[in-house]
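Structure data follow from data.cif (mmCIF, C-alpha atoms):
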data_coords
#
loop_
_atom_site.label_atom_id
_atom_site.label_comp_id
_atom_site.auth_asym_id
_atom_site.auth_seq_id
_atom_site.Cartn_x
_atom_site.Cartn_y
_atom_site.Cartn_z
CA MET B 1 -3.13 16.72 8.71
CA LYS B 2 0.55 17.59 8.59
CA GLU B 3 2.06 19.05 5.47
CA ILE B 4 4.52 16.65 3.91
CA PRO B 5 7.73 17.63 2.05
CA ASN B 6 7.76 17.01 -1.67
CA PRO B 7 8.74 13.36 -2.23
CA LEU B 8 9.69 14.12 -5.84
CA GLN B 9 12.87 15.82 -4.65
CA SER B 10 14.57 12.55 -3.80
CA LEU B 11 12.28 9.57 -4.27
CA ASN B 12 15.03 7.78 -6.14
CA SER B 13 13.40 8.19 -9.56
CA LEU B 14 10.16 6.46 -8.73
CA GLY B 15 9.78 5.37 -12.33
CA GLU B 16 12.96 3.39 -11.99
CA GLY B 17 11.61 1.34 -9.10
CA ILE B 18 11.64 -2.40 -9.49
CA THR B 19 9.13 -3.30 -12.17
CA THR B 20 11.12 -6.43 -12.96
CA LYS B 21 10.16 -10.01 -12.25
CA LEU B 22 11.10 -11.35 -8.86
CA ALA B 23 13.71 -13.96 -9.57
CA GLY B 24 16.64 -15.49 -7.77
CA LYS B 25 17.26 -15.53 -4.06
CA LEU B 26 16.21 -12.74 -1.73
CA THR B 27 19.09 -11.19 0.17
CA SER B 28 19.74 -11.06 3.93
CA LYS B 29 17.05 -10.08 6.40
CA LEU B 30 16.94 -6.62 7.97
CA SER B 31 16.95 -8.18 11.41
CA GLU B 32 20.29 -9.78 10.62
CA PHE B 33 21.76 -6.38 9.85
CA GLN B 34 20.42 -4.95 13.08
CA LYS B 35 21.95 -7.83 15.02
CA PHE B 36 25.18 -7.50 13.10
CA ASN B 37 25.35 -3.77 13.76
CA LYS B 38 24.73 -4.29 17.48
CA PHE B 39 27.56 -6.72 18.01
CA ALA B 40 30.04 -5.47 15.40
CA LYS B 41 32.18 -3.70 17.98
CA ILE B 42 32.24 -6.67 20.32
CA PHE B 43 33.09 -9.29 17.77
CA PRO B 44 35.40 -7.84 15.08
CA LEU B 45 34.59 -8.66 11.49
CA LYS B 46 36.13 -11.78 10.09
CA LYS B 47 37.24 -11.55 6.54
CA LYS B 48 34.50 -13.66 5.10
CA ALA B 49 32.36 -12.94 2.08
CA LYS B 50 29.16 -13.22 4.09
CA SER B 51 30.25 -10.62 6.64
CA LYS B 52 31.37 -8.26 3.91
CA LYS B 53 28.06 -8.73 2.17
CA ARG B 54 26.16 -7.84 5.33
CA LEU B 55 28.27 -4.75 5.86
CA LYS B 56 27.79 -3.69 2.26
CA ARG B 57 24.02 -4.18 2.55
CA MET B 58 23.83 -2.13 5.77
CA LYS B 59 25.79 0.70 4.19
CA ALA B 60 23.54 0.61 1.13
CA LEU B 61 20.41 0.77 3.28
CA ARG B 62 21.68 3.75 5.23
CA LYS B 63 22.64 5.43 1.95
CA THR B 64 19.08 4.87 0.72
CA LEU B 65 17.70 6.50 3.86
CA ALA B 66 20.07 9.42 3.51
CA GLU B 67 18.78 10.06 -0.02
CA ALA B 68 15.07 9.55 0.67
CA PRO B 69 12.90 12.43 1.93
CA VAL B 70 12.30 12.77 5.66
CA VAL B 71 8.74 13.07 6.91
CA LYS B 72 8.71 14.26 10.51
CA SER B 73 5.43 13.73 12.29
CA SER B 74 4.06 16.05 14.94
CA LEU B 75 1.05 13.78 15.40
CA LYS B 76 0.80 11.89 18.66
CA THR B 77 1.85 8.30 18.03
CA GLN B 78 3.45 5.55 20.00
CA LYS B 79 6.50 6.09 17.80
CA GLN B 80 7.76 9.64 17.25
CA SER B 81 10.72 8.78 14.99
CA PRO B 82 11.09 10.54 11.65
CA ILE B 83 9.87 8.47 8.72
CA GLN B 84 10.80 8.26 5.06
CA VAL B 85 8.87 7.14 2.00
CA TYR B 86 10.37 5.75 -1.19
CA VAL B 87 10.06 2.92 -3.69
CA ALA B 88 11.80 -0.30 -2.64
CA ARG B 89 15.04 -0.55 -4.58
CA ASP B 90 15.94 -4.20 -4.20
CA LEU B 91 14.45 -7.57 -3.43
CA ALA B 92 15.41 -7.44 0.23
CA GLU B 93 13.28 -4.33 0.77
CA ILE B 94 10.36 -5.95 -1.04
CA LYS B 95 10.72 -8.88 1.30
CA GLU B 96 10.44 -6.53 4.30
CA ALA B 97 7.18 -5.15 2.90
CA GLN B 98 5.88 -8.67 2.31
CA ARG B 99 6.73 -9.61 5.89
CA LEU B 100 4.78 -6.62 7.21
CA ARG B 101 1.85 -7.58 5.00
CA TYR B 102 1.86 -11.13 6.34
CA ARG B 103 1.97 -9.91 9.92
CA ILE B 104 -1.01 -7.60 9.38
CA PHE B 105 -3.18 -9.72 7.09
CA ALA B 106 -2.53 -13.24 8.35
CA GLU B 107 -1.54 -12.82 11.99
CA GLU B 108 -3.63 -9.79 12.91
CA MET B 109 -6.63 -10.03 10.59
CA GLY B 110 -6.74 -13.81 10.21
CA ALA B 111 -6.55 -13.92 6.41
CA SER B 112 -6.09 -17.35 4.85
CA LEU B 113 -2.81 -16.88 2.98
CA PRO B 114 -0.68 -19.53 1.27
CA TYR B 115 1.92 -21.04 3.59
CA ASN B 116 5.28 -19.30 3.50
CA ALA B 117 8.17 -20.59 5.61
CA GLU B 118 9.57 -17.08 6.03
CA GLY B 119 6.29 -15.46 6.99
CA LEU B 120 5.82 -13.47 3.77
CA ASP B 121 2.68 -12.48 1.91
CA VAL B 122 3.58 -13.16 -1.72
CA ASP B 123 1.51 -13.51 -4.87
CA GLU B 124 2.10 -13.39 -8.61
CA PHE B 125 1.41 -9.64 -8.86
CA ASP B 126 4.34 -8.72 -6.61
CA ALA B 127 6.75 -9.48 -9.43
CA TYR B 128 5.21 -6.76 -11.59
CA CYS B 129 4.62 -4.07 -8.97
CA ASP B 130 6.59 -1.20 -7.54
CA HIS B 131 6.53 -1.39 -3.76
CA LEU B 132 6.15 1.89 -1.92
CA ILE B 133 7.44 1.67 1.64
CA VAL B 134 7.64 3.91 4.68
CA ARG B 135 10.60 3.31 6.96
CA ASP B 136 11.33 4.48 10.50
CA ARG B 137 14.76 6.07 10.24
CA GLU B 138 15.76 5.26 13.77
CA THR B 139 14.79 1.60 13.95
CA LEU B 140 15.18 1.02 10.18
CA GLN B 141 11.86 -0.84 10.35
CA VAL B 142 9.39 -0.81 7.45
CA VAL B 143 6.17 0.50 9.01
CA GLY B 144 3.89 0.97 6.00
CA THR B 145 3.55 -0.23 2.44
CA TYR B 146 1.54 -0.03 -0.78
CA ARG B 147 2.17 -1.92 -3.96
CA VAL B 148 1.55 -0.13 -7.23
CA LEU B 149 0.79 -1.82 -10.55
CA ALA B 150 1.54 0.59 -13.40
CA PRO B 151 -0.52 0.25 -16.61
CA GLU B 152 2.48 -1.05 -18.58
CA GLN B 153 3.00 -3.79 -16.02
CA ALA B 154 -0.73 -4.59 -15.90
CA LYS B 155 -0.49 -5.16 -19.63
CA ALA B 156 2.54 -7.40 -19.12
CA ILE B 157 0.80 -9.65 -16.59
CA GLY B 158 -2.41 -9.48 -18.60
CA ARG B 159 -4.87 -8.21 -16.00
CA LEU B 160 -5.46 -6.18 -12.86
CA TYR B 161 -5.75 -7.77 -9.43
CA SER B 162 -9.22 -6.24 -9.06
CA ALA B 163 -10.33 -8.05 -12.24
CA SER B 164 -10.41 -11.25 -10.19
CA GLU B 165 -13.17 -9.71 -8.06
CA PHE B 166 -15.01 -7.36 -10.44
CA ASP B 167 -16.21 -7.05 -14.00
CA LEU B 168 -14.20 -4.02 -15.17
CA ALA B 169 -15.68 -3.76 -18.67
CA ARG B 170 -16.87 -0.17 -18.19
CA LEU B 171 -13.41 0.94 -17.08
CA GLU B 172 -11.38 -0.61 -19.89
CA HIS B 173 -10.90 2.68 -21.75
CA LEU B 174 -9.42 4.28 -18.62
CA LEU B 175 -6.76 1.67 -17.90
CA PRO B 176 -3.88 3.15 -19.98
CA LYS B 177 -3.79 6.07 -17.51
CA THR B 178 -4.65 4.07 -14.40
CA VAL B 179 -2.46 2.69 -11.62
CA GLU B 180 -3.82 -0.06 -9.42
CA ILE B 181 -2.87 0.03 -5.76
CA GLY B 182 -3.26 -2.71 -3.20
CA ARG B 183 -1.96 -4.61 -0.20
CA SER B 184 -1.89 -1.38 1.81
CA CYS B 185 -1.07 -1.80 5.48
CA VAL B 186 0.49 0.11 8.38
CA HIS B 187 2.28 -1.25 11.43
CA GLU B 188 0.06 -1.25 14.51
CA ASP B 189 2.27 1.27 16.35
CA TYR B 190 2.05 3.84 13.55
CA ARG B 191 -1.66 4.14 12.76
CA SER B 192 -2.38 7.70 13.77
CA GLY B 193 -2.15 9.28 10.32
CA ALA B 194 1.43 10.27 9.52
CA VAL B 195 2.37 7.02 7.80
CA ILE B 196 -0.79 6.99 5.67
CA MET B 197 -0.13 10.59 4.66
CA ALA B 198 3.45 9.69 3.78
CA LEU B 199 2.26 6.81 1.60
CA TRP B 200 -0.17 9.11 -0.16
CA ALA B 201 2.52 11.71 -0.76
CA GLY B 202 4.69 9.03 -2.35
CA LEU B 203 1.80 7.70 -4.40
CA GLY B 204 0.89 11.20 -5.55
CA ALA B 205 4.49 11.80 -6.58
CA TYR B 206 4.51 8.51 -8.48
CA MET B 207 1.36 9.39 -10.43
CA LYS B 208 2.42 12.96 -11.09
CA GLN B 209 5.88 12.01 -12.32
CA HIS B 210 4.57 9.48 -14.84
CA GLY B 211 1.47 11.32 -15.96
CA TYR B 212 -1.01 8.78 -14.59
CA GLU B 213 -4.45 10.22 -13.94
CA ILE B 214 -6.46 7.55 -12.13
CA MET B 215 -5.95 5.38 -9.07
CA LEU B 216 -7.95 2.18 -8.76
CA GLY B 217 -7.99 -0.31 -5.89
CA CYS B 218 -10.02 -2.50 -3.60
CA ALA B 219 -10.78 -0.89 -0.24
CA SER B 220 -11.33 -3.76 2.17
CA VAL B 221 -13.54 -3.69 5.24
CA PRO B 222 -13.65 -6.47 7.85
CA MET B 223 -16.48 -8.98 8.15
CA GLY B 224 -15.91 -10.14 11.70
CA ASP B 225 -19.60 -9.50 12.46
CA GLY B 226 -20.75 -11.64 9.57
CA GLY B 227 -21.06 -8.76 7.09
CA HIS B 228 -23.62 -6.46 8.70
CA TYR B 229 -21.11 -3.63 9.06
CA ALA B 230 -20.12 -3.97 5.39
CA ALA B 231 -23.75 -4.05 4.25
CA SER B 232 -24.59 -0.93 6.23
CA LEU B 233 -21.48 0.81 4.96
CA ASN B 234 -22.49 -0.08 1.41
CA ARG B 235 -25.84 1.65 1.89
CA ILE B 236 -24.11 4.86 2.99
CA LEU B 237 -21.47 4.74 0.25
CA GLN B 238 -24.00 4.17 -2.52
CA GLU B 239 -26.04 7.14 -1.29
CA LYS B 240 -23.18 9.61 -0.93
CA HIS B 241 -20.07 8.45 -2.78
CA SER B 242 -21.17 6.39 -5.77
CA SER B 243 -19.47 6.86 -9.13
CA SER B 244 -21.49 7.85 -12.18
CA ILE B 245 -23.16 4.94 -13.92
CA GLU B 246 -20.69 4.80 -16.82
CA TYR B 247 -17.97 3.78 -14.36
CA ARG B 248 -20.01 1.14 -12.58
CA THR B 249 -18.46 -2.28 -11.94
CA PHE B 250 -20.04 -5.54 -10.83
CA PRO B 251 -18.74 -8.02 -8.22
CA LYS B 252 -18.10 -11.57 -9.35
CA LEU B 253 -18.80 -12.91 -5.86
CA PRO B 254 -21.28 -10.38 -4.44
CA LEU B 255 -21.79 -9.85 -0.76
CA PRO B 256 -25.29 -11.26 0.03
CA LEU B 257 -26.69 -7.85 0.96
CA ASP B 258 -30.31 -9.01 1.05
CA LYS B 259 -29.47 -11.37 3.93
CA LEU B 260 -27.66 -8.79 6.03
CA ASN B 261 -28.69 -5.88 8.22
CA SER B 262 -27.91 -2.77 6.20
CA MET B 263 -29.48 -0.22 8.54
CA LEU B 264 -26.71 0.14 11.12
CA GLU B 265 -25.16 3.56 11.66
CA VAL B 266 -21.51 3.02 10.80
CA GLU B 267 -18.40 4.96 9.82
CA PRO B 268 -15.93 3.95 7.07
CA PRO B 269 -12.56 2.61 8.26
CA PRO B 270 -9.81 5.29 8.37
CA LEU B 271 -8.13 4.46 5.07
CA LEU B 272 -11.38 4.38 3.10
CA LYS B 273 -12.55 7.54 4.85
CA GLY B 274 -9.36 9.22 3.69
CA TYR B 275 -9.98 8.15 0.10
CA LEU B 276 -13.48 9.59 0.21
CA ARG B 277 -12.27 12.90 1.62
CA ILE B 278 -9.86 13.51 -1.25
CA GLY B 279 -12.59 12.77 -3.81
CA ALA B 280 -12.61 9.02 -4.47
CA LYS B 281 -15.77 7.28 -5.68
CA ILE B 282 -17.16 3.80 -5.11
CA CYS B 283 -17.75 1.94 -8.37
CA GLY B 284 -20.54 -0.33 -7.22
CA GLU B 285 -21.55 -2.92 -4.65
CA PRO B 286 -18.84 -4.83 -2.77
CA ALA B 287 -17.33 -8.19 -3.56
CA TRP B 288 -16.73 -10.80 -0.90
CA ASP B 289 -13.15 -11.98 -0.52
CA PRO B 290 -13.36 -15.27 1.41
CA ASP B 291 -9.57 -15.64 1.78
CA PHE B 292 -9.24 -12.33 3.60
CA ASN B 293 -12.81 -12.47 4.98
CA THR B 294 -13.41 -8.91 3.84
CA ALA B 295 -15.91 -7.00 1.76
CA ASP B 296 -14.02 -5.19 -1.00
CA PHE B 297 -15.28 -1.91 -2.44
CA LEU B 298 -13.73 -1.00 -5.78
CA THR B 299 -12.59 2.56 -5.33
CA MET B 300 -11.63 4.94 -8.14
CA PHE B 301 -9.88 8.25 -7.69
CA ARG B 302 -9.17 10.73 -10.48
CA LEU B 303 -6.62 13.46 -9.87
CA SER B 304 -8.94 15.89 -11.66
CA ASP B 305 -11.61 15.20 -9.01
CA MET B 306 -9.34 15.89 -6.06
CA ASN B 307 -10.64 18.05 -3.26
CA PRO B 308 -8.33 21.12 -3.42
CA LYS B 309 -8.09 21.07 0.36
CA TYR B 310 -6.02 17.88 0.19
CA ALA B 311 -3.96 18.55 -2.94
CA LYS B 312 -0.97 19.83 -0.99
CA HIS B 313 -0.86 16.57 0.97
CA PHE B 314 -1.44 14.11 -1.86
CA LEU B 315 0.55 15.92 -4.52
CA ALA B 316 3.00 17.58 -2.12
CA GLU B 317 2.07 20.99 -3.43
CA HIS B 318 3.06 23.99 -1.30
#
Output the file's structure in the form of structure tokens.
Amino acid sequence: MKEIPNPLQSLNSLGEGITTKLAGKLTSKLSEFQKFNKFAKIFPLKKKAKSKKRLKRMKALRKTLAEAPVVKSSLKTQKQSPIQVYVARDLAEIKEAQRLRYRIFAEEMGASLPYNAEGLDVDEFDAYCDHLIVRDRETLQVVGTYRVLAPEQAKAIGRLYSASEFDLARLEHLLPKTVEIGRSCVHEDYRSGAVIMALWAGLGAYMKQHGYEIMLGCASVPMGDGGHYAASLNRILQEKHSSSIEYRTFPKLPLPLDKLNSMLEVEPPPLLKGYLRIGAKICGEPAWDPDFNTADFLTMFRLSDMNPKYAKHFLAEH
């Protein structure tokens, strides 16, 4: 894995990301700026407020990219452009992340998401989260995203997303120092490792800057085969990566493991495998998410349990 520059140097004060409620209209689409930029020299700007607004937005986006850290990948990918990771600073950037999520979850994975005319994956938690994004500097395209629910914001909304799937009673005392992550996804052309590592570097910087100690989130695995892969993966995870009993959680809609073949030889998906390598633990048996048609494993990672081999990547230590 490639060493990543320290995101703390210019992550735009991650703690000052947008932990405000989404309200009002979302601003212009990134594609509109790209189109505008392409034809600006052919069709001179008219002195209209809308054109000025587009120009101002494009300048602001490029200024953001100039300030955010560059993560150059030497890994072999279909896209070799330098990438940058930072917290979305306005509603338009959040909208880009939501559009990527919709493309991955609904169009690629077949998740049953609420209808959205603009092709966005939006739910009530988005308003309370910071949205970590990775952007290709050359195309200006958002190619990866995580959303992060800080403990203060979890208190404001009154619950964690994972509480809808699991009984978290045994973890209650840990929540003041816990961030919940979710809706992680990476563009199909960028799935060879660099973007995931960039997201982790940004997440590590976020936790380190604010003094958070624990990361909690649902690691989803597909159920295209009816659940046999998930059941077999559960057997392996419970044997090798289970949390201690005091941190055990219980699914509200359990996967029917007794009706599935749990003896297949399987490997965890890349993202979950990465979590396990750095020291994450599985807090119990998986829940079934019928909307996304996935089996969700509640995954807990404590910074104090980190495998030292990966500290320089996750915490950007050199």
CA of Phe166 (chain B) to CA of Asp289 (chain B), distance in Å rounded to a single decimal: 11.1 Å
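Between CA of Met197 (chain B) and CA of Val221 (chain B) the interatomic distance comes to 19.6 Å.
Interatomic distance, CA of Ala295 (chain B) to CA of Arg103 (chain B): 19.9 Å.
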Running the PyMOL selection byres ((chain B and resi 212) around 7) on this model by hand, what would come out? Give it as a PyMOL selection string. chain B and resi 177-179+207-208+210-211+213-214
Sorted per-residue table, region 153-225 of chain B near region 231-235 of chain B, closest atoms and distance, 12 Å, all atoms listed in the file, as JSON lines:
{"residue": "B:Ala219", "atom": "CA", "partner": "B:Asn234", "partner_atom": "CA", "distance": 11.9}
{"residue": "B:Ser220", "atom": "CA", "partner": "B:Leu233", "partner_atom": "CA", "distance": 11.5}
{"residue": "B:Val221", "atom": "CA", "partner": "B:Leu233", "partner_atom": "CA", "distance": 9.1}
{"residue": "B:Pro222", "atom": "CA", "partner": "B:Ala231", "partner_atom": "CA", "distance": 11.0}
{"residue": "B:Met223", "atom": "CA", "partner": "B:Ala231", "partner_atom": "CA", "distance": 9.6}
{"residue": "B:Asp225", "atom": "CA", "partner": "B:Ala231", "partner_atom": "CA", "distance": 10.7}
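For the choices B:Pro290, B:Pro270, B:Gly279, B:Gly284, the atom-to-atom distance to Asp305 (chain B) is smallest for B:Gly279 when using all atoms listed in the file.
Shortest separation to Glu107 (chain B) among B:Leu276, B:Leu216, B:Leu253, B:Leu120 occurs at residue B:Leu120, atoms counted being only C-alpha atoms.
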